[in-house]
file run_7.csv (CSV, C-alpha atoms)
chain,number,residue,atom,x,y,z
G,51,GLU,CA,-34.9,22.1,63.9
G,52,ASN,CA,-31.2,21.2,63.6
G,53,SER,CA,-28.3,23.5,63.9
G,54,HIS,CA,-26.5,21.7,61.0
G,55,LEU,CA,-29.5,22.1,58.7
G,56,VAL,CA,-29.5,25.5,57.0
G,57,SER,CA,-32.4,27.0,55.1
G,58,GLU,CA,-31.8,30.4,53.6
G,59,LYS,CA,-34.2,32.8,51.8
G,60,LEU,CA,-32.3,32.5,48.5
G,61,HIS,CA,-32.8,28.7,48.5
G,62,ARG,CA,-35.4,27.3,46.1
G,63,PRO,CA,-38.0,24.9,47.5
G,64,TRP,CA,-36.0,21.9,46.4
G,65,GLU,CA,-32.7,23.2,47.9
G,66,PHE,CA,-31.3,22.9,51.4
G,67,GLY,CA,-27.9,23.4,53.1
G,68,VAL,CA,-26.0,21.3,55.5
G,69,LYS,CA,-23.2,22.7,57.7
G,70,HIS,CA,-20.3,20.2,57.7
G,71,PHE,CA,-17.1,20.5,59.5
G,72,ALA,CA,-15.4,21.8,56.4
G,73,GLY,CA,-18.1,24.4,55.7
G,74,LEU,CA,-21.6,24.9,54.3
G,75,VAL,CA,-22.7,22.7,51.4
G,76,THR,CA,-25.9,23.4,49.4
G,77,TYR,CA,-27.8,20.3,48.0
G,78,ASP,CA,-30.3,20.1,45.2
G,79,ALA,CA,-33.1,17.6,45.6
G,80,THR,CA,-34.3,17.7,42.0
G,81,ASP,CA,-35.1,14.2,40.7
G,82,PHE,CA,-33.8,12.8,44.0
G,83,ILE,CA,-36.3,9.9,44.1
G,84,GLU,CA,-35.8,9.1,40.4
G,85,ARG,CA,-32.0,8.9,40.8
G,86,ASN,CA,-32.2,6.8,44.0
G,87,THR,CA,-34.7,4.1,43.1
G,88,ASP,CA,-32.4,1.2,44.3
G,89,GLN,CA,-34.4,-1.7,45.5
G,90,LEU,CA,-33.8,-4.2,48.3
G,91,PRO,CA,-32.4,-7.6,47.3
G,92,LEU,CA,-34.8,-10.5,47.0
G,93,ASP,CA,-32.9,-12.6,49.5
G,94,LEU,CA,-33.2,-9.7,52.1
G,95,LEU,CA,-37.0,-9.5,51.4
G,96,GLU,CA,-37.3,-13.3,51.8
G,97,CYS,CA,-35.4,-13.2,55.1
G,98,VAL,CA,-37.7,-10.4,56.5
G,99,THR,CA,-40.9,-12.3,55.5
G,100,LYS,CA,-39.8,-15.1,57.8
G,101,CYS,CA,-40.0,-12.7,60.8
G,102,THR,CA,-42.3,-13.8,63.7
G,103,ASN,CA,-43.9,-10.4,63.8
G,104,SER,CA,-47.1,-10.8,61.8
G,105,ILE,CA,-47.3,-7.1,60.9
G,106,ILE,CA,-43.8,-7.0,59.5
G,107,SER,CA,-44.1,-10.4,57.7
G,108,THR,CA,-47.5,-9.4,56.1
G,109,GLN,CA,-46.2,-6.1,54.8
G,110,PHE,CA,-43.0,-7.6,53.4
G,111,ASP,CA,-45.0,-10.6,51.9
G,112,ALA,CA,-47.0,-8.1,49.9
G,113,LEU,CA,-43.9,-6.2,48.9
G,114,LEU,CA,-42.1,-9.4,47.9
G,115,ALA,CA,-45.1,-10.6,45.8
G,116,GLU,CA,-45.2,-7.1,44.1
G,117,ARG,CA,-41.5,-7.3,43.6
G,118,ARG,CA,-41.6,-10.7,42.0
G,119,GLN,CA,-44.5,-9.7,39.7
G,120,LEU,CA,-42.6,-6.6,38.7
G,121,LEU,CA,-39.5,-8.7,37.9
G,122,LYS,CA,-41.5,-11.0,35.7
G,123,ASN,CA,-42.9,-8.1,33.7
G,124,VAL,CA,-39.5,-6.5,33.4
G,125,GLN,CA,-38.0,-9.8,32.2
G,126,ARG,CA,-40.8,-10.2,29.6
G,127,LYS,CA,-40.3,-6.6,28.3
G,128,HIS,CA,-36.5,-6.1,28.7
G,129,GLY,CA,-35.1,-9.5,29.4
G,130,ALA,CA,-33.0,-8.3,32.4
G,131,MET,CA,-33.5,-7.3,36.0
G,132,SER,CA,-32.7,-3.9,37.5
G,133,MET,CA,-29.6,-4.0,39.7
G,134,THR,CA,-30.0,-3.4,43.4
G,135,VAL,CA,-27.5,-1.6,45.7
G,136,CYS,CA,-26.1,-4.9,46.9
G,137,SER,CA,-25.7,-6.3,43.4
G,138,LYS,CA,-23.9,-3.1,42.2
G,139,PHE,CA,-21.6,-3.3,45.3
G,140,ARG,CA,-20.9,-7.0,44.6
G,141,LYS,CA,-20.2,-6.3,40.9
G,142,ARG,CA,-17.8,-3.4,41.7
G,143,LEU,CA,-16.1,-5.4,44.5
G,144,ALA,CA,-15.6,-8.4,42.1
G,145,GLY,CA,-14.1,-6.1,39.5
G,146,LEU,CA,-11.8,-4.6,42.1
G,147,ILE,CA,-10.7,-8.0,43.3
G,148,ALA,CA,-10.1,-9.2,39.7
G,149,HIS,CA,-8.1,-6.1,39.0
G,150,VAL,CA,-6.0,-6.5,42.1
G,151,ALA,CA,-5.5,-10.2,41.4
G,152,ALA,CA,-4.1,-9.4,37.9
G,153,THR,CA,-1.4,-7.2,39.5
G,154,LYS,CA,1.7,-8.1,41.5
G,155,THR,CA,1.9,-6.6,45.0
G,156,GLN,CA,5.1,-5.0,45.9
G,157,TYR,CA,6.0,-3.3,49.2
G,158,VAL,CA,8.4,-0.4,49.6
G,159,ARG,CA,10.3,-0.1,53.0
G,160,CYS,CA,12.3,3.0,53.7
G,161,ILE,CA,15.6,2.5,55.5
G,162,LYS,CA,17.6,5.3,57.0
G,163,PRO,CA,21.3,4.7,56.1
G,164,ASN,CA,22.6,6.7,59.1
G,165,GLU,CA,21.3,8.6,62.2
G,166,ASN,CA,22.5,12.0,61.0
G,167,LYS,CA,20.8,11.7,57.5
G,168,ILE,CA,24.1,12.4,55.8
G,169,PRO,CA,24.0,11.6,52.0
G,170,ARG,CA,26.2,8.9,50.6
G,171,VAL,CA,27.0,7.5,54.1
G,172,THR,CA,25.8,4.0,55.2
G,173,ASP,CA,26.0,2.7,58.7
G,174,HIS,CA,25.7,-1.1,58.3
G,175,ILE,CA,24.9,-1.8,61.9
G,176,ILE,CA,21.9,0.6,61.9
G,177,THR,CA,20.8,-0.6,58.5
G,178,MET,CA,20.8,-4.3,59.5
G,179,ARG,CA,19.0,-3.4,62.8
G,180,GLN,CA,16.3,-1.7,60.8
G,181,LEU,CA,16.0,-4.7,58.4
G,182,ASP,CA,15.8,-7.1,61.3
G,183,SER,CA,13.2,-5.0,63.1
G,184,ALA,CA,11.1,-4.7,59.9
G,185,GLY,CA,11.1,-8.5,59.5
G,186,ILE,CA,12.8,-8.5,56.1
G,187,VAL,CA,15.5,-10.9,57.2
G,188,THR,CA,12.9,-13.2,58.7
G,189,ALA,CA,10.9,-13.0,55.5
G,190,ILE,CA,14.0,-13.8,53.4
G,191,ASN,CA,14.7,-16.9,55.6
G,192,MET,CA,11.1,-18.0,55.3
G,193,SER,CA,11.0,-17.5,51.6
G,194,LYS,CA,14.0,-19.9,51.3
G,195,ASN,CA,12.1,-22.7,53.1
G,196,ILE,CA,8.7,-22.2,51.4
G,197,PHE,CA,7.5,-22.2,47.8
G,198,PRO,CA,6.8,-18.6,46.9
G,199,ASN,CA,6.0,-19.3,43.3
G,200,GLN,CA,3.4,-21.6,41.8
G,201,LEU,CA,2.2,-22.3,38.3
G,202,PRO,CA,-0.4,-24.6,36.7
G,203,TYR,CA,0.9,-27.6,34.7
G,204,ASP,CA,-0.2,-26.3,31.4
G,205,ILE,CA,1.6,-23.0,31.8
G,206,VAL,CA,4.8,-24.7,33.0
G,207,TRP,CA,4.6,-26.9,29.9
G,208,ASP,CA,3.9,-24.0,27.5
G,209,ARG,CA,6.7,-21.8,29.0
G,210,PHE,CA,9.5,-24.3,29.6
G,211,GLN,CA,9.1,-27.1,27.1
G,212,CYS,CA,11.6,-25.2,24.9
G,213,LEU,CA,14.4,-26.0,27.5
G,214,SER,CA,14.0,-29.8,27.1
G,215,LYS,CA,16.5,-31.7,24.9
G,216,THR,CA,14.4,-34.9,24.8
G,217,ASP,CA,11.3,-35.7,22.9
G,218,ILE,CA,8.3,-35.9,25.2
G,219,ASP,CA,5.1,-37.5,24.0
G,220,THR,CA,2.5,-34.7,23.5
G,221,GLN,CA,-0.3,-37.3,23.9
G,222,LEU,CA,0.3,-37.5,27.6
G,223,GLU,CA,-1.4,-35.3,30.2
G,224,PHE,CA,0.2,-32.0,31.2
G,225,LYS,CA,1.0,-33.3,34.6
G,226,GLU,CA,2.9,-36.3,33.2
G,227,ARG,CA,4.8,-34.2,30.7
G,228,VAL,CA,5.8,-31.8,33.5
G,229,ALA,CA,6.9,-34.8,35.6
G,230,ILE,CA,9.3,-35.8,32.8
G,231,LEU,CA,10.4,-32.2,32.0
G,232,LEU,CA,11.3,-30.8,35.4
G,233,PRO,CA,13.7,-33.5,36.6
G,234,GLU,CA,15.6,-32.9,33.4
G,235,LEU,CA,15.8,-29.2,33.9
G,236,PHE,CA,16.7,-29.4,37.6
G,237,LYS,CA,19.1,-32.4,37.2
G,238,ASP,CA,22.0,-30.7,39.0
G,239,SER,CA,20.0,-28.5,41.4
G,240,GLU,CA,19.1,-30.9,44.1
G,241,ARG,CA,20.1,-30.0,47.6
G,242,PHE,CA,21.1,-32.4,50.4
G,243,VAL,CA,19.1,-31.4,53.5
G,244,LYS,CA,18.7,-33.5,56.7
G,245,GLY,CA,20.1,-36.6,55.1
G,246,GLN,CA,18.0,-36.5,51.9
G,247,TYR,CA,18.1,-34.8,48.6
G,248,THR,CA,15.4,-32.2,48.0
G,249,ALA,CA,14.3,-30.9,44.6
G,250,PRO,CA,13.7,-27.1,44.1
G,251,TYR,CA,10.1,-27.9,43.2
G,252,VAL,CA,7.1,-29.9,44.3
G,253,CYS,CA,4.4,-31.2,42.1
G,254,GLY,CA,0.9,-30.7,43.5
G,255,LYS,CA,-2.5,-31.8,42.3
G,256,ASN,CA,-3.0,-29.0,39.8
G,257,LYS,CA,0.1,-26.8,40.2
G,258,VAL,CA,3.8,-27.0,40.5
G,259,PHE,CA,5.3,-25.2,43.5
G,260,PHE,CA,8.8,-23.8,43.1
G,261,ARG,CA,11.3,-22.9,45.9
G,262,SER,CA,12.9,-19.5,46.0
G,263,GLY,CA,15.1,-18.9,43.0
G,264,ALA,CA,14.0,-22.0,41.0
G,265,LEU,CA,11.4,-20.3,38.8
G,266,GLU,CA,13.8,-17.4,38.3
G,267,ARG,CA,16.5,-19.8,37.1
G,268,LEU,CA,14.0,-21.4,34.6
G,269,GLU,CA,13.0,-17.9,33.4
G,270,SER,CA,16.6,-16.9,33.0
G,271,ASP,CA,17.4,-20.1,31.0
G,272,ARG,CA,14.2,-19.6,28.9
G,273,LEU,CA,15.2,-15.9,28.3
G,274,ALA,CA,18.7,-17.0,27.3
G,275,ILE,CA,17.3,-19.6,24.8
G,276,ARG,CA,14.7,-17.1,23.5
G,277,SER,CA,17.5,-14.5,23.1
G,278,VAL,CA,19.6,-17.0,21.2
G,279,ASN,CA,16.6,-18.1,19.1
G,280,THR,CA,15.6,-14.5,18.6
G,281,SER,CA,19.1,-13.6,17.4
G,282,LYS,CA,19.0,-16.6,15.1
G,283,LEU,CA,15.6,-15.6,13.8
G,284,HIS,CA,16.9,-12.0,13.5
G,285,ASN,CA,19.9,-13.2,11.5
G,286,TYR,CA,17.7,-15.4,9.4
G,287,VAL,CA,15.3,-12.5,8.7
G,288,LYS,CA,18.2,-10.2,8.0
G,289,THR,CA,19.6,-12.9,5.7
G,290,MET,CA,16.3,-13.2,3.9
G,291,ILE,CA,15.9,-9.5,3.6
G,292,HIS,CA,19.4,-9.1,2.3
G,293,ARG,CA,18.9,-12.0,0.0
G,294,GLN,CA,15.6,-10.5,-1.3
G,295,ARG,CA,17.4,-7.2,-1.7
G,296,PHE,CA,20.3,-8.9,-3.6
G,297,ARG,CA,17.8,-10.7,-5.8
G,298,ALA,CA,15.9,-7.5,-6.5
G,299,MET,CA,19.2,-5.7,-7.2
G,300,LYS,CA,20.3,-8.6,-9.4
G,301,ARG,CA,17.0,-8.5,-11.3
G,302,ALA,CA,17.4,-4.7,-11.6
G,303,VAL,CA,21.0,-5.1,-12.9
G,304,ILE,CA,19.9,-7.8,-15.3
G,305,LYS,CA,17.2,-5.5,-16.6
G,306,LEU,CA,19.6,-2.6,-16.9
G,307,GLN,CA,22.1,-4.8,-18.7
G,308,ALA,CA,19.4,-6.1,-21.0
G,309,LEU,CA,18.2,-2.6,-21.6
G,310,TRP,CA,21.7,-1.4,-22.3
G,311,ARG,CA,22.4,-4.3,-24.6
G,312,PHE,CA,19.1,-3.7,-26.3
G,313,GLN,CA,19.9,0.0,-26.8
G,314,LYS,CA,23.4,-0.9,-28.0
G,315,ALA,CA,22.2,-3.6,-30.4
G,316,ARG,CA,19.5,-1.2,-31.6
G,317,ARG,CA,22.0,1.6,-32.1
G,318,ASP,CA,24.4,-0.8,-34.0
G,319,TYR,CA,21.5,-2.1,-36.0
G,320,LYS,CA,20.5,1.4,-37.0
G,321,GLU,CA,24.1,2.2,-37.9
G,322,ARG,CA,24.3,-1.0,-40.0
G,323,MET,CA,21.0,-0.2,-41.6
G,324,LYS,CA,22.1,3.3,-42.3
G,325,ALA,CA,25.4,2.1,-43.8
G,326,THR,CA,23.6,-0.6,-45.8
G,327,PHE,CA,21.2,2.0,-47.1
G,328,ILE,CA,24.0,4.3,-48.1
G,329,VAL,CA,25.8,1.5,-49.9
G,330,TYR,CA,22.5,0.4,-51.5
G,331,CYS,CA,21.9,4.0,-52.6
G,332,TRP,CA,25.4,4.3,-53.9
G,333,MET,CA,25.1,1.0,-55.8
G,334,LYS,CA,21.8,2.1,-57.2
G,335,ARG,CA,23.4,5.4,-58.3
G,336,VAL,CA,26.3,3.6,-59.9
G,337,LEU,CA,23.9,1.3,-61.7
G,338,ALA,CA,21.7,4.1,-62.7
G,339,ARG,CA,24.6,6.1,-64.1
G,340,THR,CA,25.8,3.0,-66.0
G,341,ARG,CA,22.4,2.4,-67.3
G,342,ARG,CA,22.0,6.0,-68.3
G,343,ARG,CA,25.4,6.0,-70.0
G,344,LYS,CA,24.4,2.9,-71.9
G,345,LEU,CA,21.1,4.5,-72.8
G,346,GLN,CA,22.8,7.7,-74.0
G,347,GLU,CA,25.3,5.6,-76.0
G,348,ASN,CA,22.4,3.7,-77.5
G,349,GLU,CA,20.5,6.9,-78.2
G,350,ALA,CA,23.6,8.4,-79.9
G,351,SER,CA,24.2,5.3,-82.0
G,352,ILE,CA,20.5,5.3,-82.9
G,353,LYS,CA,20.7,9.0,-83.9
G,354,ILE,CA,23.9,8.4,-85.9
G,355,GLN,CA,22.3,5.4,-87.5
G,356,SER,CA,19.1,7.4,-88.2
G,357,MET,CA,21.1,10.3,-89.5
G,358,TRP,CA,23.2,8.0,-91.7
G,359,ARG,CA,20.2,6.1,-92.9
G,360,GLY,CA,18.3,9.3,-93.6
G,361,PHE,CA,21.1,11.1,-95.5
G,362,ASN,CA,20.4,9.6,-99.0
G,363,PRO,CA,16.6,9.8,-98.7
G,364,ARG,CA,16.9,13.3,-97.4
G,365,LYS,CA,19.1,14.2,-100.4
G,366,VAL,CA,16.6,12.6,-102.8
G,367,LEU,CA,13.8,14.4,-100.9
G,368,GLU,CA,15.5,17.7,-101.3
G,369,GLN,CA,16.0,17.1,-105.0
G,370,GLN,CA,12.3,16.1,-105.4
G,371,LYS,CA,11.4,19.2,-103.4
G,372,LYS,CA,13.4,21.4,-105.8
G,373,ALA,CA,11.9,19.7,-108.8
G,374,ALA,CA,8.4,20.1,-107.3
G,375,ALA,CA,9.1,23.7,-106.5
G,376,MET,CA,10.3,24.3,-110.1
G,377,VAL,CA,7.2,22.5,-111.4
G,378,GLN,CA,5.0,24.6,-109.1
G,379,LYS,CA,6.8,27.7,-110.1
G,380,SER,CA,6.4,27.1,-113.8
G,381,TYR,CA,2.8,26.1,-113.3
G,382,LYS,CA,2.0,29.2,-111.3
G,383,LYS,CA,3.9,31.3,-113.8
G,384,ARG,CA,1.8,29.9,-116.7
G,385,ARG,CA,-1.4,30.3,-114.7
G,386,ASN,CA,-0.6,33.8,-113.7
G,387,ARG,CA,0.3,34.7,-117.2
G,388,HIS,CA,-3.1,33.5,-118.5
G,389,ASN,CA,-4.8,35.3,-115.7
G,390,PHE,CA,-2.8,38.4,-116.5
G,391,ASN,CA,-3.6,38.2,-120.2
G,392,CYS,CA,-7.3,37.8,-119.4
G,393,ALA,CA,-7.3,40.7,-117.0
G,394,PHE,CA,-5.3,42.9,-119.4
G,395,ALA,CA,-7.7,42.1,-122.2
G,396,GLU,CA,-10.6,43.1,-119.9
G,397,CYS,CA,-8.9,46.3,-119.0
G,398,VAL,CA,-8.3,47.2,-122.6
G,399,GLU,CA,-11.9,46.4,-123.4
G,400,ALA,CA,-13.1,48.5,-120.5
G,401,ALA,CA,-10.8,51.4,-121.6
G,402,ARG,CA,-12.1,51.2,-125.2
G,403,LYS,CA,-15.7,51.2,-123.9
G,404,GLN,CA,-15.1,54.1,-121.6
G,405,LYS,CA,-13.5,56.0,-124.5
G,406,GLN,CA,-16.5,55.3,-126.7
G,407,MET,CA,-18.7,56.4,-123.9
G,408,LYS,CA,-16.9,59.7,-123.5
G,409,ALA,CA,-17.0,60.3,-127.3
G,410,LEU,CA,-20.7,59.6,-127.3
G,411,LEU,CA,-21.3,61.9,-124.4
G,412,HIS,CA,-19.3,64.6,-126.2
G,413,THR,CA,-21.3,64.1,-129.3
G,414,LEU,CA,-24.5,64.4,-127.4
G,415,SER,CA,-23.4,67.5,-125.6
G,416,SER,CA,-22.3,69.1,-128.8
G,417,ARG,CA,-25.7,68.5,-130.4
G,418,GLU,CA,-27.5,70.0,-127.6
G,419,ASP,CA,-25.5,73.2,-128.0
call {"tool": "encode", "arguments": {"input": "run_7.csv", "output": "structure tokens"}}
result
Amino acid sequence: ENSHLVSEKLHRPWEFGVKHFAGLVTYDATDFIERNTDQLPLDLLECVTKCTNSIISTQFDALLAERRQLLKNVQRKHGAMSMTVCSKFRKRLAGLIAHVAATKTQYVRCIKPNENKIPRVTDHIITMRQLDSAGIVTAINMSKNIFPNQLPYDIVWDRFQCLSKTDIDTQLEFKERVAILLPELFKDSERFVKGQYTAPYVCGKNKVFFRSGALERLESDRLAIRSVNTSKLHNYVKTMIHRQRFRAMKRAVIKLQALWRFQKARRDYKERMKATFIVYCWMKRVLARTRRRKLQENEASIKIQSMWRGFNPRKVLEQQKKAAAMVQKSYKKRRNRHNFNCAFAECVEAARKQKQMKALLHTLSSRED
């Protein structure tokens, strides 16, 4: 029994409570073993098997053999080993160190400007005393005498070769190129210290070590050249863009001019064609009228000629018609007279026979009486 271990009636079989200094905390032991199956590292097991105690060495020898067999089976099935607690810790620690190495450490030191904490008032004596006590002045003096910045040769060449005005053979090693490049860049920056000239840099085996302010100078010169080149490139790009826009506008204006000229030429062509068609129609009309007038004159002359030529034959024809009519009339008169005489004779004969018939009938009737 422990006073910090709490077991209440409402707890389930797999639950328990622990009384911490901040209060009671309830824990759930469900799948505790499955979630905490971290194994001991192999190097630790091998170290324990070398123990002089036979009981411990025997137990851990069996455990090590079982562990090795398990690792072989796992590698055959999955191709990878399960991570132990130490391996997880080493992996996380390596990731943290890599993350910290990729950053730049900066320290912030708070300085009181005055004893009374009055805003916008600075006591220089108190401020310098605090800077001296904090070791900042000493750090500044040390940074002047040491090489706070260091870069590999390839990075120095890649970053600062744009500052060189001479042609350096690119077939040389990076160290040889940098050895030619840096004296040119720091030509007027050597300092006379203790009877000898000292350069603001030192070339090591794999890196270049810069004194305080040397790398900042190179970076500022590089930034100035990059800004100048950037402005030139920007101007060039703007020139190209404006030139492309001008060419596009020029092509568009040429197309508009061509379209306008095409429309104007088409409109003039249509007007000329319309005028030509009107003139052509008028000429055809004039020619048709002239041709019609000539045809009418020809027809009239033909009619006059026909009438003149047919006058005498017509007169002869009329005379012949009159003569034929008189002949026909006399012939008809003679024929009609013969027919009339025949008919009259028949009528007289019929009347005579009818009279005789009546006389005969009268005679017969008188005899019967």
call {"tool": "atom_distance", "arguments": {"input": "run_7.csv", "atom1": "CA of Val206 in chain G", "atom2": "CA of Ala148 in chain G"}}
result
22.5 Å
call {"tool": "closest_residue", "arguments": {"input": "run_7.csv", "among": "G:Tyr286, G:Leu60, G:Leu181, G:Arg227", "to": "Lys162 in chain G", "atoms": "all atoms listed in the file"}}
result
G:Leu181
call {"tool": "residues_around", "arguments": {"input": "run_7.csv", "residues": "Thr99 in chain G", "least_positions_apart": "3", "cutoff": "12 Å", "atoms": "only C-alpha atoms", "output": "short mmCIF file (atom, residue, chain, number, x, y, z; two decimals) with C-alpha atoms, keeping the file's coordinate frame"}}
result
data_model
loop_
_atom_site.label_atom_id
_atom_site.label_comp_id
_atom_site.auth_asym_id
_atom_site.auth_seq_id
_atom_site.Cartn_x
_atom_site.Cartn_y
_atom_site.Cartn_z
CA LEU G 92 -34.80 -10.50 47.00
CA ASP G 93 -32.90 -12.60 49.50
CA LEU G 94 -33.20 -9.70 52.10
CA LEU G 95 -37.00 -9.50 51.40
CA GLU G 96 -37.30 -13.30 51.80
CA THR G 102 -42.30 -13.80 63.70
CA ASN G 103 -43.90 -10.40 63.80
CA SER G 104 -47.10 -10.80 61.80
CA ILE G 105 -47.30 -7.10 60.90
CA ILE G 106 -43.80 -7.00 59.50
CA SER G 107 -44.10 -10.40 57.70
CA THR G 108 -47.50 -9.40 56.10
CA GLN G 109 -46.20 -6.10 54.80
CA PHE G 110 -43.00 -7.60 53.40
CA ASP G 111 -45.00 -10.60 51.90
CA ALA G 112 -47.00 -8.10 49.90
CA LEU G 113 -43.90 -6.20 48.90
CA LEU G 114 -42.10 -9.40 47.90
CA ALA G 115 -45.10 -10.60 45.80
#
call {"tool": "residues_around", "arguments": {"input": "run_7.csv", "residues": "Ala264 in chain G", "least_positions_apart": "3", "cutoff": "8 Å", "atoms": "all atoms listed in the file", "output": "number ranges by chain"}}
result
G: 250-251, 260-261, 267-268
call {"tool": "residues_around", "arguments": {"input": "run_7.csv", "residues": "range 209-212 of chain G", "least_positions_apart": "6", "cutoff": "12 Å", "atoms": "only C-alpha atoms", "output": "number ranges by chain"}}
result
G: 201-203, 218-220, 224, 227-232, 234-236, 265-276, 279
call {"tool": "atom_distance", "arguments": {"input": "run_7.csv", "atom1": "CA of Ile190 in chain G", "atom2": "CA of Met178 in chain G"}}
result
13.2 Å
call {"tool": "atom_distance", "arguments": {"input": "run_7.csv", "atom1": "CA of Met299 in chain G", "atom2": "CA of Ala315 in chain G"}}
result
23.5 Å
call {"tool": "closest_residue", "arguments": {"input": "run_7.csv", "among": "G:Thr289, G:Leu414, G:Ala184, G:His70", "to": "Leu55 in chain G", "atoms": "all atoms listed in the file"}}
result
G:His70
call {"tool": "residues_around", "arguments": {"input": "run_7.csv", "residues": "Val258 in chain G", "least_positions_apart": "3", "cutoff": "6 Å", "atoms": "all atoms listed in the file", "output": "number ranges by chain"}}
result
G: 200-201, 252-254
call {"tool": "decode", "arguments": {"input": "run_7.csv", "residues": "range 387-406 of chain G", "atoms": "N, CA and C atoms", "output": "mmCIF file, in the first residue's frame"}}
result
data_model
loop_
_atom_site.group_PDB
_atom_site.id
_atom_site.type_symbol
_atom_site.label_atom_id
_atom_site.label_comp_id
_atom_site.auth_asym_id
_atom_site.auth_seq_id
_atom_site.Cartn_x
_atom_site.Cartn_y
_atom_site.Cartn_z
ATOM 1 N N ARG G 387 -84.007 31.107 -160.260
ATOM 2 C CA ARG G 387 -85.166 31.240 -161.150
ATOM 3 C C ARG G 387 -85.576 29.858 -161.675
ATOM 4 N N HIS G 388 -84.672 29.013 -162.042
ATOM 5 C CA HIS G 388 -84.981 27.681 -162.518
ATOM 6 C C HIS G 388 -85.648 26.877 -161.417
ATOM 7 N N ASN G 389 -85.097 27.000 -160.198
ATOM 8 C CA ASN G 389 -85.679 26.287 -159.063
ATOM 9 C C ASN G 389 -87.088 26.810 -158.780
ATOM 10 N N PHE G 390 -87.237 28.160 -158.908
ATOM 11 C CA PHE G 390 -88.545 28.750 -158.656
ATOM 12 C C PHE G 390 -89.569 28.273 -159.696
ATOM 13 N N ASN G 391 -89.154 28.197 -160.927
ATOM 14 C CA ASN G 391 -90.075 27.769 -161.981
ATOM 15 C C ASN G 391 -90.480 26.317 -161.765
ATOM 16 N N CYS G 392 -89.489 25.497 -161.353
ATOM 17 C CA CYS G 392 -89.794 24.087 -161.096
ATOM 18 C C CYS G 392 -90.747 23.956 -159.923
ATOM 19 N N ALA G 393 -90.518 24.707 -158.898
ATOM 20 C CA ALA G 393 -91.353 24.639 -157.712
ATOM 21 C C ALA G 393 -92.737 25.189 -158.014
ATOM 22 N N PHE G 394 -92.777 26.270 -158.798
ATOM 23 C CA PHE G 394 -94.080 26.860 -159.135
ATOM 24 C C PHE G 394 -94.885 25.886 -159.978
ATOM 25 N N ALA G 395 -94.227 25.215 -160.909
ATOM 26 C CA ALA G 395 -94.926 24.242 -161.772
ATOM 27 C C ALA G 395 -95.460 23.113 -160.924
ATOM 28 N N GLU G 396 -94.654 22.659 -159.917
ATOM 29 C CA GLU G 396 -95.095 21.587 -159.035
ATOM 30 C C GLU G 396 -96.292 22.051 -158.221
ATOM 31 N N CYS G 397 -96.268 23.293 -157.789
ATOM 32 C CA CYS G 397 -97.389 23.826 -156.991
ATOM 33 C C CYS G 397 -98.661 23.910 -157.851
ATOM 34 N N VAL G 398 -98.484 24.345 -159.078
ATOM 35 C CA VAL G 398 -99.652 24.457 -159.969
ATOM 36 C C VAL G 398 -100.216 23.074 -160.226
ATOM 37 N N GLU G 399 -99.313 22.092 -160.407
ATOM 38 C CA GLU G 399 -99.751 20.723 -160.661
ATOM 39 C C GLU G 399 -100.457 20.144 -159.453
ATOM 40 N N ALA G 400 -99.925 20.468 -158.288
ATOM 41 C CA ALA G 400 -100.532 19.969 -157.062
ATOM 42 C C ALA G 400 -101.881 20.592 -156.850
ATOM 43 N N ALA G 401 -102.021 21.889 -157.165
ATOM 44 C CA ALA G 401 -103.287 22.575 -156.999
ATOM 45 C C ALA G 401 -104.309 22.012 -157.979
ATOM 46 N N ARG G 402 -103.892 21.730 -159.186
ATOM 47 C CA ARG G 402 -104.793 21.195 -160.188
ATOM 48 C C ARG G 402 -105.258 19.820 -159.731
ATOM 49 N N LYS G 403 -104.322 18.981 -159.192
ATOM 50 C CA LYS G 403 -104.721 17.645 -158.747
ATOM 51 C C LYS G 403 -105.636 17.727 -157.549
ATOM 52 N N GLN G 404 -105.398 18.686 -156.679
ATOM 53 C CA GLN G 404 -106.264 18.820 -155.500
ATOM 54 C C GLN G 404 -107.655 19.262 -155.926
ATOM 55 N N LYS G 405 -107.719 20.118 -156.944
ATOM 56 C CA LYS G 405 -109.015 20.575 -157.440
ATOM 57 C C LYS G 405 -109.767 19.437 -158.076
ATOM 58 N N GLN G 406 -109.037 18.625 -158.821
ATOM 59 C CA GLN G 406 -109.686 17.459 -159.440
ATOM 60 C C GLN G 406 -110.161 16.493 -158.357
#
